[in-house]
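> The structure that follows is given in the form of C-alpha coordinates.
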Number of protein chains: 2
Amino acid sequence: MTPTDDEARGYANGRARRDVIIRTASEHFAERGFVSATILEIAAACGISRAGLLHHFADKEALLHAVLEARDEEDQERFAPYVEAHGAIGVLRGMVDLADHNRLVPGLIELFVRLSAEAAATDHPAHDYFTQRNERIRRGTARALVALQARGLVRADLDARSAALRLTSLMDGLQLQWLFDSEVDLAREIRGVVGEWLTPAGREAFDAALPVLAA
Amino acid sequence: MTPTDDEARGYANGRARRDVIIRTASEHFAERGFVSATILEIAAACGISRAGLLHHFADKEALLHAVLEARDEEDQERFAPYVEAHGAIGVLRGMVDLADHNRLVPGLIELFVRLSAEAAATDHPAHDYFTQRNERIRRGTARALVALQARGLVRADLDARSAALRLTSLMDGLQLQWLFDSEVDLAREIRGVVGEWLTPAGREAFDAALPVLAA
(Lines give C-alpha, C1' and ligand atoms only; values in the text may rest on other atoms or scores of the structure.)
Protein backbone atom coordinates (compact mmCIF):
# COMPACT_ATOMS: atom_id res chain seq x y z
CA MET A 1 0.00 0.00 0.00
CA THR A 2 1.41 3.37 -1.04
CA PRO A 3 1.09 6.51 1.11
CA THR A 4 -1.30 7.83 -1.51
CA ASP A 5 -3.70 4.97 -0.81
CA ASP A 6 -3.46 5.74 2.89
CA GLU A 7 -4.23 9.37 2.20
CA ALA A 8 -7.15 8.47 0.01
CA ARG A 9 -8.57 6.13 2.62
CA GLY A 10 -8.07 8.76 5.31
CA TYR A 11 -9.90 11.27 3.17
CA ALA A 12 -12.77 8.87 2.49
CA ASN A 13 -13.04 8.05 6.20
CA GLY A 14 -13.05 11.74 7.01
CA ARG A 15 -15.87 12.37 4.53
CA ALA A 16 -17.92 9.44 5.81
CA ARG A 17 -17.47 10.65 9.39
CA ARG A 18 -18.44 14.18 8.35
CA ASP A 19 -21.59 12.86 6.65
CA VAL A 20 -22.61 10.92 9.76
CA ILE A 21 -22.13 14.03 11.90
CA ILE A 22 -24.20 16.16 9.52
CA ARG A 23 -27.01 13.59 9.42
CA THR A 24 -27.03 13.27 13.19
CA ALA A 25 -26.93 17.03 13.74
CA SER A 26 -29.79 17.41 11.30
CA GLU A 27 -31.89 15.02 13.41
CA HIS A 28 -31.04 16.86 16.61
CA PHE A 29 -31.79 20.28 15.15
CA ALA A 30 -35.10 18.97 13.79
CA GLU A 31 -36.16 17.53 17.14
CA ARG A 32 -34.85 20.11 19.59
CA GLY A 33 -34.02 23.17 17.52
CA PHE A 34 -30.57 24.65 17.01
CA VAL A 35 -30.59 26.66 20.24
CA SER A 36 -31.30 23.69 22.52
CA ALA A 37 -29.19 21.09 20.71
CA THR A 38 -25.69 20.59 22.12
CA ILE A 39 -22.40 19.59 20.49
CA LEU A 40 -21.87 17.09 23.30
CA GLU A 41 -25.13 15.24 22.62
CA ILE A 42 -24.62 15.24 18.87
CA ALA A 43 -21.11 13.87 19.33
CA ALA A 44 -22.38 11.19 21.72
CA ALA A 45 -25.07 10.16 19.22
CA CYS A 46 -22.30 9.77 16.60
CA GLY A 47 -20.27 7.67 19.04
CA ILE A 48 -17.41 10.17 19.13
CA SER A 49 -16.06 12.67 21.65
CA ARG A 50 -16.78 16.38 21.70
CA ALA A 51 -13.17 17.02 20.61
CA GLY A 52 -13.61 14.47 17.83
CA LEU A 53 -16.60 16.38 16.50
CA LEU A 54 -14.86 19.74 16.82
CA HIS A 55 -12.05 18.33 14.70
CA HIS A 56 -14.53 18.32 11.79
CA PHE A 57 -16.61 21.40 12.64
CA ALA A 58 -15.26 24.41 14.51
CA ASP A 59 -18.50 24.97 16.45
CA LYS A 60 -22.27 24.41 16.50
CA GLU A 61 -22.75 27.26 14.02
CA ALA A 62 -20.39 25.69 11.49
CA LEU A 63 -22.35 22.46 11.90
CA LEU A 64 -25.64 24.28 11.30
CA HIS A 65 -24.33 25.77 8.07
CA ALA A 66 -23.09 22.35 6.93
CA VAL A 67 -26.55 20.85 7.63
CA LEU A 68 -28.32 23.58 5.65
CA GLU A 69 -25.84 23.30 2.79
CA ALA A 70 -26.32 19.52 2.60
CA ARG A 71 -30.12 19.90 2.60
CA ASP A 72 -29.90 22.57 -0.11
CA GLU A 73 -27.77 20.30 -2.27
CA GLU A 74 -30.28 17.45 -1.96
CA ASP A 75 -33.11 19.87 -2.74
CA GLN A 76 -31.29 21.20 -5.75
CA GLU A 77 -30.54 17.70 -7.02
CA ARG A 78 -34.25 16.92 -6.98
CA PHE A 79 -35.55 20.23 -8.24
CA ALA A 80 -33.09 21.12 -11.02
CA PRO A 81 -34.09 18.17 -13.28
CA TYR A 82 -37.68 19.50 -13.33
CA VAL A 83 -36.57 22.87 -14.64
CA GLU A 84 -34.12 21.29 -17.08
CA ALA A 85 -36.73 18.88 -18.42
CA HIS A 86 -39.78 21.13 -18.44
CA GLY A 87 -38.69 24.79 -18.16
CA ALA A 88 -40.96 27.19 -16.30
CA ILE A 89 -43.87 24.74 -15.92
CA GLY A 90 -41.31 22.42 -14.30
CA VAL A 91 -40.93 24.92 -11.46
CA LEU A 92 -44.60 24.46 -10.53
CA ARG A 93 -44.61 20.75 -11.19
CA GLY A 94 -41.41 20.33 -9.18
CA MET A 95 -42.89 22.18 -6.20
CA VAL A 96 -45.90 19.85 -6.14
CA ASP A 97 -43.85 16.67 -6.53
CA LEU A 98 -41.25 17.78 -3.99
CA ALA A 99 -43.96 18.56 -1.45
CA ASP A 100 -44.99 14.93 -1.77
CA HIS A 101 -41.43 13.67 -1.66
CA ASN A 102 -40.36 15.76 1.36
CA ARG A 103 -43.06 14.17 3.47
CA LEU A 104 -41.24 10.88 3.10
CA VAL A 105 -37.81 12.09 4.19
CA PRO A 106 -37.71 11.59 7.97
CA GLY A 107 -37.09 14.82 9.85
CA LEU A 108 -36.82 17.04 6.76
CA ILE A 109 -40.00 19.05 7.28
CA GLU A 110 -39.42 19.16 11.05
CA LEU A 111 -35.95 20.60 10.39
CA PHE A 112 -37.14 23.42 8.17
CA VAL A 113 -40.21 24.29 10.25
CA ARG A 114 -38.17 24.32 13.44
CA LEU A 115 -35.13 26.16 12.15
CA SER A 116 -36.99 28.76 10.10
CA ALA A 117 -39.14 29.71 13.10
CA GLU A 118 -36.07 29.99 15.33
CA ALA A 119 -34.19 31.90 12.66
CA ALA A 120 -36.82 34.63 12.58
CA ALA A 121 -34.87 36.09 15.52
CA THR A 122 -32.39 38.47 13.89
CA ASP A 123 -29.48 37.25 16.04
CA HIS A 124 -29.96 33.60 14.99
CA PRO A 125 -27.02 32.28 12.95
CA ALA A 126 -29.38 31.09 10.19
CA HIS A 127 -31.34 34.35 9.97
CA ASP A 128 -29.58 35.56 6.82
CA TYR A 129 -29.72 32.09 5.30
CA PHE A 130 -33.52 31.93 5.63
CA THR A 131 -33.99 35.56 4.58
CA GLN A 132 -32.10 34.83 1.37
CA ARG A 133 -33.74 31.45 0.88
CA ASN A 134 -37.23 32.95 1.17
CA GLU A 135 -36.35 35.71 -1.28
CA ARG A 136 -34.76 33.29 -3.73
CA ILE A 137 -37.76 30.93 -3.75
CA ARG A 138 -40.25 33.79 -4.11
CA ARG A 139 -38.25 35.42 -6.89
CA GLY A 140 -37.79 32.15 -8.78
CA THR A 141 -41.48 31.32 -8.51
CA ALA A 142 -42.54 34.81 -9.64
CA ARG A 143 -40.16 34.59 -12.62
CA ALA A 144 -41.61 31.23 -13.65
CA LEU A 145 -45.17 32.58 -13.39
CA VAL A 146 -44.32 35.59 -15.58
CA ALA A 147 -42.70 33.31 -18.18
CA LEU A 148 -45.80 31.08 -18.15
CA GLN A 149 -48.07 34.11 -18.52
CA ALA A 150 -46.09 35.17 -21.61
CA ARG A 151 -46.77 31.74 -23.11
CA GLY A 152 -50.46 31.83 -22.18
CA LEU A 153 -50.13 28.97 -19.68
CA VAL A 154 -50.94 31.06 -16.60
CA ARG A 155 -53.86 33.50 -16.31
CA ALA A 156 -52.81 36.97 -17.44
CA ASP A 157 -54.64 38.68 -14.54
CA LEU A 158 -52.55 36.94 -11.89
CA ASP A 159 -50.22 39.20 -9.87
CA ALA A 160 -47.10 37.03 -10.16
CA ARG A 161 -45.22 38.52 -7.20
CA SER A 162 -48.18 38.21 -4.89
CA ALA A 163 -48.95 34.68 -6.13
CA ALA A 164 -45.34 33.64 -5.52
CA LEU A 165 -45.51 34.97 -1.97
CA ARG A 166 -48.78 33.15 -1.37
CA LEU A 167 -47.48 29.89 -2.78
CA THR A 168 -44.32 29.86 -0.69
CA SER A 169 -46.27 30.92 2.41
CA LEU A 170 -48.83 28.21 1.75
CA MET A 171 -46.06 25.63 1.47
CA ASP A 172 -44.54 26.73 4.80
CA GLY A 173 -47.94 26.81 6.49
CA LEU A 174 -49.05 23.44 5.14
CA GLN A 175 -45.84 21.84 6.38
CA LEU A 176 -46.57 23.18 9.85
CA GLN A 177 -50.18 21.94 9.72
CA TRP A 178 -48.99 18.55 8.48
CA LEU A 179 -46.73 18.12 11.51
CA PHE A 180 -49.86 18.29 13.66
CA ASP A 181 -52.16 16.38 11.34
CA SER A 182 -50.65 13.82 8.99
CA GLU A 183 -53.93 13.72 7.03
CA VAL A 184 -52.99 17.07 5.47
CA ASP A 185 -52.14 16.36 1.84
CA LEU A 186 -49.48 18.93 0.97
CA ALA A 187 -49.20 18.09 -2.72
CA ARG A 188 -52.95 18.03 -3.26
CA GLU A 189 -53.42 21.51 -1.77
CA ILE A 190 -50.54 23.04 -3.70
CA ARG A 191 -51.70 21.41 -6.92
CA GLY A 192 -55.17 22.81 -6.20
CA VAL A 193 -53.92 26.37 -5.84
CA VAL A 194 -51.62 26.15 -8.86
CA GLY A 195 -54.49 24.63 -10.86
CA GLU A 196 -56.55 27.77 -10.32
CA TRP A 197 -53.80 29.87 -11.88
CA LEU A 198 -53.27 27.72 -14.97
CA THR A 199 -55.16 28.27 -18.22
CA PRO A 200 -56.56 25.14 -19.94
CA ALA A 201 -53.36 24.98 -22.03
CA GLY A 202 -51.34 25.44 -18.84
CA ARG A 203 -53.15 22.57 -17.16
CA GLU A 204 -52.30 20.36 -20.12
CA ALA A 205 -48.64 21.36 -19.96
CA PHE A 206 -48.59 20.78 -16.19
CA ASP A 207 -50.05 17.27 -16.53
CA ALA A 208 -47.68 16.46 -19.41
CA ALA A 209 -44.63 17.46 -17.32
CA LEU A 210 -43.83 14.00 -16.03
CA PRO A 211 -42.13 13.48 -12.69
CA VAL A 212 -38.34 13.38 -12.92
CA LEU A 213 -37.64 12.67 -9.27
CA ALA A 214 -34.13 11.41 -8.67
CA ALA A 215 -34.23 8.28 -6.46
CA MET B 1 -59.27 49.94 56.74
CA THR B 2 -61.17 46.67 57.26
CA PRO B 3 -59.62 43.26 56.71
CA THR B 4 -61.82 42.94 53.66
CA ASP B 5 -60.11 45.96 52.10
CA ASP B 6 -56.76 44.39 52.86
CA GLU B 7 -57.83 41.18 51.23
CA ALA B 8 -59.12 43.02 48.20
CA ARG B 9 -55.88 44.94 47.84
CA GLY B 10 -53.89 41.74 48.26
CA TYR B 11 -55.95 40.09 45.56
CA ALA B 12 -55.54 43.04 43.18
CA ASN B 13 -51.77 43.08 43.79
CA GLY B 14 -51.62 39.37 43.15
CA ARG B 15 -53.49 39.77 39.85
CA ALA B 16 -51.29 42.66 38.75
CA ARG B 17 -48.17 40.66 39.58
CA ARG B 18 -49.56 37.67 37.70
CA ASP B 19 -50.25 39.83 34.63
CA VAL B 20 -46.70 41.20 34.65
CA ILE B 21 -45.29 37.67 34.84
CA ILE B 22 -47.48 36.48 31.97
CA ARG B 23 -46.50 39.45 29.79
CA THR B 24 -42.82 38.98 30.54
CA ALA B 25 -42.96 35.22 29.96
CA SER B 26 -44.73 35.87 26.66
CA GLU B 27 -41.83 38.07 25.54
CA HIS B 28 -39.25 35.48 26.58
CA PHE B 29 -41.08 32.61 24.86
CA ALA B 30 -41.42 34.74 21.70
CA GLU B 31 -37.72 35.60 21.60
CA ARG B 32 -36.11 32.38 22.77
CA GLY B 33 -38.78 29.72 22.55
CA PHE B 34 -40.29 27.81 25.44
CA VAL B 35 -37.54 25.20 25.61
CA SER B 36 -34.68 27.71 25.99
CA ALA B 37 -36.44 30.23 28.22
CA THR B 38 -35.81 29.82 31.94
CA ILE B 39 -37.92 30.58 35.00
CA LEU B 40 -34.92 32.30 36.56
CA GLU B 41 -34.53 34.77 33.70
CA ILE B 42 -38.25 35.46 33.48
CA ALA B 43 -38.37 36.09 37.23
CA ALA B 44 -35.33 38.39 37.02
CA ALA B 45 -36.95 40.37 34.20
CA CYS B 46 -40.02 40.81 36.45
CA GLY B 47 -37.79 41.99 39.29
CA ILE B 48 -38.76 39.06 41.54
CA SER B 49 -37.06 35.91 42.77
CA ARG B 50 -37.47 32.44 41.31
CA ALA B 51 -39.44 31.44 44.43
CA GLY B 52 -41.56 34.56 44.04
CA LEU B 53 -42.51 33.51 40.52
CA LEU B 54 -43.15 29.90 41.53
CA HIS B 55 -45.60 31.22 44.14
CA HIS B 56 -47.82 32.27 41.22
CA PHE B 57 -47.07 29.48 38.72
CA ALA B 58 -46.08 25.98 39.73
CA ASP B 59 -43.60 25.56 36.86
CA LYS B 60 -42.61 26.72 33.37
CA GLU B 61 -45.35 24.60 31.84
CA ALA B 62 -48.05 26.25 33.97
CA LEU B 63 -46.67 29.60 32.85
CA LEU B 64 -46.83 28.52 29.20
CA HIS B 65 -50.48 27.55 29.53
CA ALA B 66 -51.25 30.87 31.24
CA VAL B 67 -49.56 32.74 28.37
CA LEU B 68 -51.52 30.84 25.72
CA GLU B 69 -54.78 31.29 27.63
CA ALA B 70 -54.21 35.04 27.93
CA ARG B 71 -53.44 35.32 24.21
CA ASP B 72 -56.54 33.29 23.36
CA GLU B 73 -58.69 35.57 25.47
CA GLU B 74 -57.37 38.68 23.72
CA ASP B 75 -57.89 36.98 20.35
CA GLN B 76 -61.42 36.03 21.27
CA GLU B 77 -62.21 39.55 22.48
CA ARG B 78 -61.20 40.93 19.11
CA PHE B 79 -62.70 38.21 16.93
CA ALA B 80 -66.06 37.53 18.59
CA PRO B 81 -67.51 40.99 17.82
CA TYR B 82 -66.98 40.36 14.10
CA VAL B 83 -69.06 37.21 14.20
CA GLU B 84 -71.68 38.82 16.44
CA ALA B 85 -71.97 41.87 14.19
CA HIS B 86 -71.69 40.21 10.78
CA GLY B 87 -72.29 36.47 11.10
CA ALA B 88 -70.39 34.14 8.76
CA ILE B 89 -68.97 36.91 6.57
CA GLY B 90 -67.59 38.38 9.81
CA VAL B 91 -65.37 35.30 10.17
CA LEU B 92 -63.59 36.17 6.92
CA ARG B 93 -63.58 39.88 7.57
CA GLY B 94 -62.29 39.33 11.10
CA MET B 95 -59.41 37.17 9.83
CA VAL B 96 -58.29 39.91 7.46
CA ASP B 97 -58.58 42.69 10.03
CA LEU B 98 -56.91 40.65 12.77
CA ALA B 99 -54.00 39.83 10.47
CA ASP B 100 -53.46 43.58 10.18
CA HIS B 101 -53.93 44.14 13.88
CA ASN B 102 -51.63 41.31 15.02
CA ARG B 103 -48.72 42.87 13.15
CA LEU B 104 -48.94 45.82 15.53
CA VAL B 105 -48.86 43.82 18.77
CA PRO B 106 -45.16 43.51 19.67
CA GLY B 107 -44.05 39.89 19.93
CA LEU B 108 -47.44 38.36 19.15
CA ILE B 109 -46.57 36.84 15.77
CA GLU B 110 -43.11 35.87 17.01
CA LEU B 111 -44.76 34.02 19.91
CA PHE B 112 -47.10 31.96 17.76
CA VAL B 113 -44.57 31.22 15.03
CA ARG B 114 -41.97 30.19 17.56
CA LEU B 115 -44.20 28.14 19.85
CA SER B 116 -46.20 26.40 17.15
CA ALA B 117 -42.99 25.22 15.43
CA GLU B 118 -41.58 23.95 18.73
CA ALA B 119 -44.90 22.36 19.63
CA ALA B 120 -44.85 20.20 16.52
CA ALA B 121 -42.72 17.85 18.63
CA THR B 122 -45.22 15.46 20.21
CA ASP B 123 -43.60 15.70 23.66
CA HIS B 124 -43.89 19.51 23.77
CA PRO B 125 -46.29 20.71 26.49
CA ALA B 126 -48.19 22.85 23.96
CA HIS B 127 -48.53 20.08 21.36
CA ASP B 128 -52.14 19.28 22.20
CA TYR B 129 -52.99 22.96 22.51
CA PHE B 130 -51.80 23.69 18.96
CA THR B 131 -53.33 20.50 17.56
CA GLN B 132 -56.71 21.56 18.93
CA ARG B 133 -56.25 25.20 17.98
CA ASN B 134 -55.44 24.29 14.36
CA GLU B 135 -58.45 21.99 14.18
CA ARG B 136 -60.75 24.56 15.75
CA ILE B 137 -59.70 27.35 13.37
CA ARG B 138 -59.97 25.10 10.32
CA ARG B 139 -63.36 23.76 11.38
CA GLY B 140 -64.72 27.24 12.16
CA THR B 141 -63.51 28.61 8.84
CA ALA B 142 -64.96 25.68 6.89
CA ARG B 143 -68.29 26.09 8.66
CA ALA B 144 -68.39 29.80 7.78
CA LEU B 145 -67.59 29.05 4.14
CA VAL B 146 -70.39 26.47 3.91
CA ALA B 147 -72.85 28.94 5.47
CA LEU B 148 -71.76 31.60 2.98
CA GLN B 149 -72.14 29.16 0.08
CA ALA B 150 -75.72 28.46 1.20
CA ARG B 151 -76.40 32.19 0.98
CA GLY B 152 -74.72 32.54 -2.40
CA LEU B 153 -71.91 34.70 -1.02
CA VAL B 154 -69.12 32.19 -1.68
CA ARG B 155 -68.61 30.26 -4.94
CA ALA B 156 -70.52 26.99 -4.88
CA ASP B 157 -67.63 25.07 -6.47
CA LEU B 158 -65.25 25.82 -3.60
CA ASP B 159 -64.22 22.82 -1.46
CA ALA B 160 -64.82 24.43 1.94
CA ARG B 161 -62.64 22.05 3.98
CA SER B 162 -59.72 22.37 1.63
CA ALA B 163 -60.14 26.16 1.40
CA ALA B 164 -60.17 26.41 5.20
CA LEU B 165 -56.96 24.40 5.41
CA ARG B 166 -55.33 26.60 2.77
CA LEU B 167 -56.42 29.82 4.45
CA THR B 168 -55.12 28.86 7.88
CA SER B 169 -51.88 27.52 6.35
CA LEU B 170 -51.50 30.70 4.34
CA MET B 171 -51.94 32.77 7.49
CA ASP B 172 -49.26 30.76 9.34
CA GLY B 173 -46.91 30.90 6.37
CA LEU B 174 -47.37 34.62 5.76
CA GLN B 175 -46.62 35.34 9.41
CA LEU B 176 -43.35 33.46 9.07
CA GLN B 177 -42.45 35.29 5.84
CA TRP B 178 -43.34 38.61 7.47
CA LEU B 179 -40.87 38.00 10.29
CA PHE B 180 -38.13 37.92 7.65
CA ASP B 181 -39.53 40.65 5.43
CA SER B 182 -41.68 43.35 6.97
CA GLU B 183 -42.81 44.42 3.48
CA VAL B 184 -45.08 41.36 3.38
CA ASP B 185 -48.65 42.66 3.67
CA LEU B 186 -50.51 39.91 5.53
CA ALA B 187 -53.98 41.45 5.29
CA ARG B 188 -53.64 42.27 1.59
CA GLU B 189 -52.71 38.69 0.69
CA ILE B 190 -55.46 37.13 2.77
CA ARG B 191 -58.01 39.57 1.41
CA GLY B 192 -56.79 38.67 -2.09
CA VAL B 193 -57.33 34.94 -1.58
CA VAL B 194 -60.70 35.39 0.12
CA GLY B 195 -61.72 37.78 -2.68
CA GLU B 196 -61.29 34.99 -5.22
CA TRP B 197 -63.75 32.83 -3.30
CA LEU B 198 -66.46 35.45 -2.92
CA THR B 199 -69.26 35.91 -5.44
CA PRO B 200 -70.09 39.52 -6.46
CA ALA B 201 -72.75 39.56 -3.73
CA GLY B 202 -70.22 38.13 -1.30
CA ARG B 203 -67.72 40.86 -2.12
CA GLU B 204 -70.38 43.44 -1.40
CA ALA B 205 -71.21 41.83 1.95
CA PHE B 206 -67.52 41.60 2.82
CA ASP B 207 -66.92 45.29 2.10
CA ALA B 208 -70.06 46.26 4.00
CA ALA B 209 -68.90 44.36 7.11
CA LEU B 210 -67.26 47.28 8.83
CA PRO B 211 -64.34 46.77 11.21
CA VAL B 212 -65.40 46.25 14.82
CA LEU B 213 -61.94 46.05 16.34
CA ALA B 214 -61.92 46.51 20.08
CA ALA B 215 -59.18 49.01 21.04
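Following the order of the C-alpha coordinates, chains are lettered A, B, ..., residues in each are numbered from 1, and ligands are numbered from 1.
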Quick one: residues within 9 Å of Ala164 of chain B, only C-alpha atoms, excluding same-chain residues fewer than 5 positions away - as a PyMOL selection string?
chain B and resi 137-143+145+159+169
> Contacts of His86 of chain A at 12 Å or less, counting only C-alpha atoms, minus same-chain residues fewer than 5 places along, as a list in words?
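So the residues in contact are Phe79, Ala80, Pro81, Val91, Leu92, Arg93, Gly94, Ala144, Leu148, Ala205, Phe206, Asp207, Ala208, Ala209, Leu210, Pro211 and Val212 of chain A.
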> If we count only C-alpha atoms, what is near segment 17-34 of chain B at a cut-off of 8 Å, once residues fewer than 4 positions away on the same chain are taken out, given as an mmCIF file with N, CA and C atoms, in the first residue's frame?

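File produced: out31.cif:
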data_model
loop_
_atom_site.group_PDB
_atom_site.id
_atom_site.type_symbol
_atom_site.label_atom_id
_atom_site.label_comp_id
_atom_site.auth_asym_id
_atom_site.auth_seq_id
_atom_site.Cartn_x
_atom_site.Cartn_y
_atom_site.Cartn_z
ATOM 1 N N GLU A 118 -37.142 29.498 14.459
ATOM 2 C CA GLU A 118 -36.071 29.993 15.334
ATOM 3 C C GLU A 118 -35.321 31.143 14.685
ATOM 4 N N ALA A 121 -35.602 35.182 14.625
ATOM 5 C CA ALA A 121 -34.867 36.085 15.525
ATOM 6 C C ALA A 121 -33.627 36.584 14.781
ATOM 7 N N ASN B 13 -53.223 43.128 43.967
ATOM 8 C CA ASN B 13 -51.771 43.081 43.788
ATOM 9 C C ASN B 13 -51.341 41.756 43.166
ATOM 10 N N ILE B 42 -36.942 34.792 33.525
ATOM 11 C CA ILE B 42 -38.247 35.460 33.482
ATOM 12 C C ILE B 42 -38.502 36.172 34.814
ATOM 13 N N ALA B 43 -38.191 35.480 35.906
ATOM 14 C CA ALA B 43 -38.367 36.092 37.232
ATOM 15 C C ALA B 43 -37.511 37.350 37.352
ATOM 16 N N ALA B 45 -36.412 39.295 35.039
ATOM 17 C CA ALA B 45 -36.946 40.375 34.203
ATOM 18 C C ALA B 45 -38.179 41.018 34.846
ATOM 19 N N CYS B 46 -38.857 40.272 35.722
ATOM 20 C CA CYS B 46 -40.018 40.811 36.447
ATOM 21 C C CYS B 46 -39.568 41.509 37.740
ATOM 22 N N LEU B 53 -41.759 33.873 41.715
ATOM 23 C CA LEU B 53 -42.509 33.505 40.516
ATOM 24 C C LEU B 53 -43.254 32.193 40.731
ATOM 25 N N HIS B 56 -46.671 32.016 42.109
ATOM 26 C CA HIS B 56 -47.821 32.270 41.219
ATOM 27 C C HIS B 56 -48.052 31.157 40.200
ATOM 28 N N LEU B 63 -46.843 28.238 33.367
ATOM 29 C CA LEU B 63 -46.671 29.600 32.847
ATOM 30 C C LEU B 63 -46.988 29.629 31.350
ATOM 31 N N LEU B 64 -46.532 28.616 30.637
ATOM 32 C CA LEU B 64 -46.829 28.523 29.195
ATOM 33 C C LEU B 64 -48.333 28.485 28.957
ATOM 34 N N ALA B 66 -50.663 29.567 30.893
ATOM 35 C CA ALA B 66 -51.251 30.869 31.240
ATOM 36 C C ALA B 66 -51.035 31.878 30.112
ATOM 37 N N VAL B 67 -49.854 31.836 29.488
ATOM 38 C CA VAL B 67 -49.556 32.743 28.368
ATOM 39 C C VAL B 67 -50.505 32.463 27.206
ATOM 40 N N ALA B 70 -54.064 33.577 27.992
ATOM 41 C CA ALA B 70 -54.209 35.039 27.935
ATOM 42 C C ALA B 70 -54.288 35.510 26.483
ATOM 43 N N GLY B 107 -44.337 41.243 19.461
ATOM 44 C CA GLY B 107 -44.046 39.895 19.926
ATOM 45 C C GLY B 107 -45.143 38.874 19.697
ATOM 46 N N LEU B 108 -46.333 39.310 19.261
ATOM 47 C CA LEU B 108 -47.444 38.363 19.147
ATOM 48 C C LEU B 108 -47.191 37.321 18.051
ATOM 49 N N GLU B 110 -44.303 36.620 16.617
ATOM 50 C CA GLU B 110 -43.107 35.867 17.014
ATOM 51 C C GLU B 110 -43.495 34.721 17.953
ATOM 52 N N LEU B 111 -44.366 35.029 18.922
ATOM 53 C CA LEU B 111 -44.756 34.023 19.914
ATOM 54 C C LEU B 111 -45.408 32.818 19.240
ATOM 55 N N PHE B 112 -46.377 33.081 18.363
ATOM 56 C CA PHE B 112 -47.099 31.961 17.765
ATOM 57 C C PHE B 112 -46.253 31.189 16.758
ATOM 58 N N ARG B 114 -42.981 30.898 16.800
ATOM 59 C CA ARG B 114 -41.971 30.189 17.560
ATOM 60 C C ARG B 114 -42.548 28.973 18.304
ATOM 61 N N LEU B 115 -43.633 29.222 19.044
ATOM 62 C CA LEU B 115 -44.202 28.143 19.855
ATOM 63 C C LEU B 115 -44.837 27.060 19.006
ATOM 64 N N GLU B 118 -42.099 24.792 17.648
ATOM 65 C CA GLU B 118 -41.581 23.950 18.735
ATOM 66 C C GLU B 118 -42.568 22.846 19.089
#
> Using only C-alpha atoms, find which residues of chain B lie within 10 Å of chain A and jot them down as an NGL selection string.
:B and (30-33 or 35-36 or 110-122 or 124 or 127-128 or 130-132 or 134-135 or 162-163 or 165-181 or 184-186 or 188-190 or 192-193)
> Atom CA of Glu7 of chain A to atom CA of Glu74 of chain A: how many Å, to one decimal?
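Answer for the atom CA of Glu7 of chain A to atom CA of Glu74 of chain A separation: 27.6 Å.
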> Please measure the separation of atom CA of Val96 of chain A and atom CA of Leu158 of chain B, giving the value in Å to one decimal.
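For atom CA of Val96 of chain A relative to atom CA of Leu158 of chain B, the distance reads 20.4 Å.
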> Quick one: distance from atom CA of Ala85 of chain A to atom CA of Arg103 of chain A in Å, one decimal?
23.3 Å
> Mind listing the alpha helix (DSSP H) residues of segment 89-154 of chain B, per DSSP on the backbone, as a count of residues only?
50
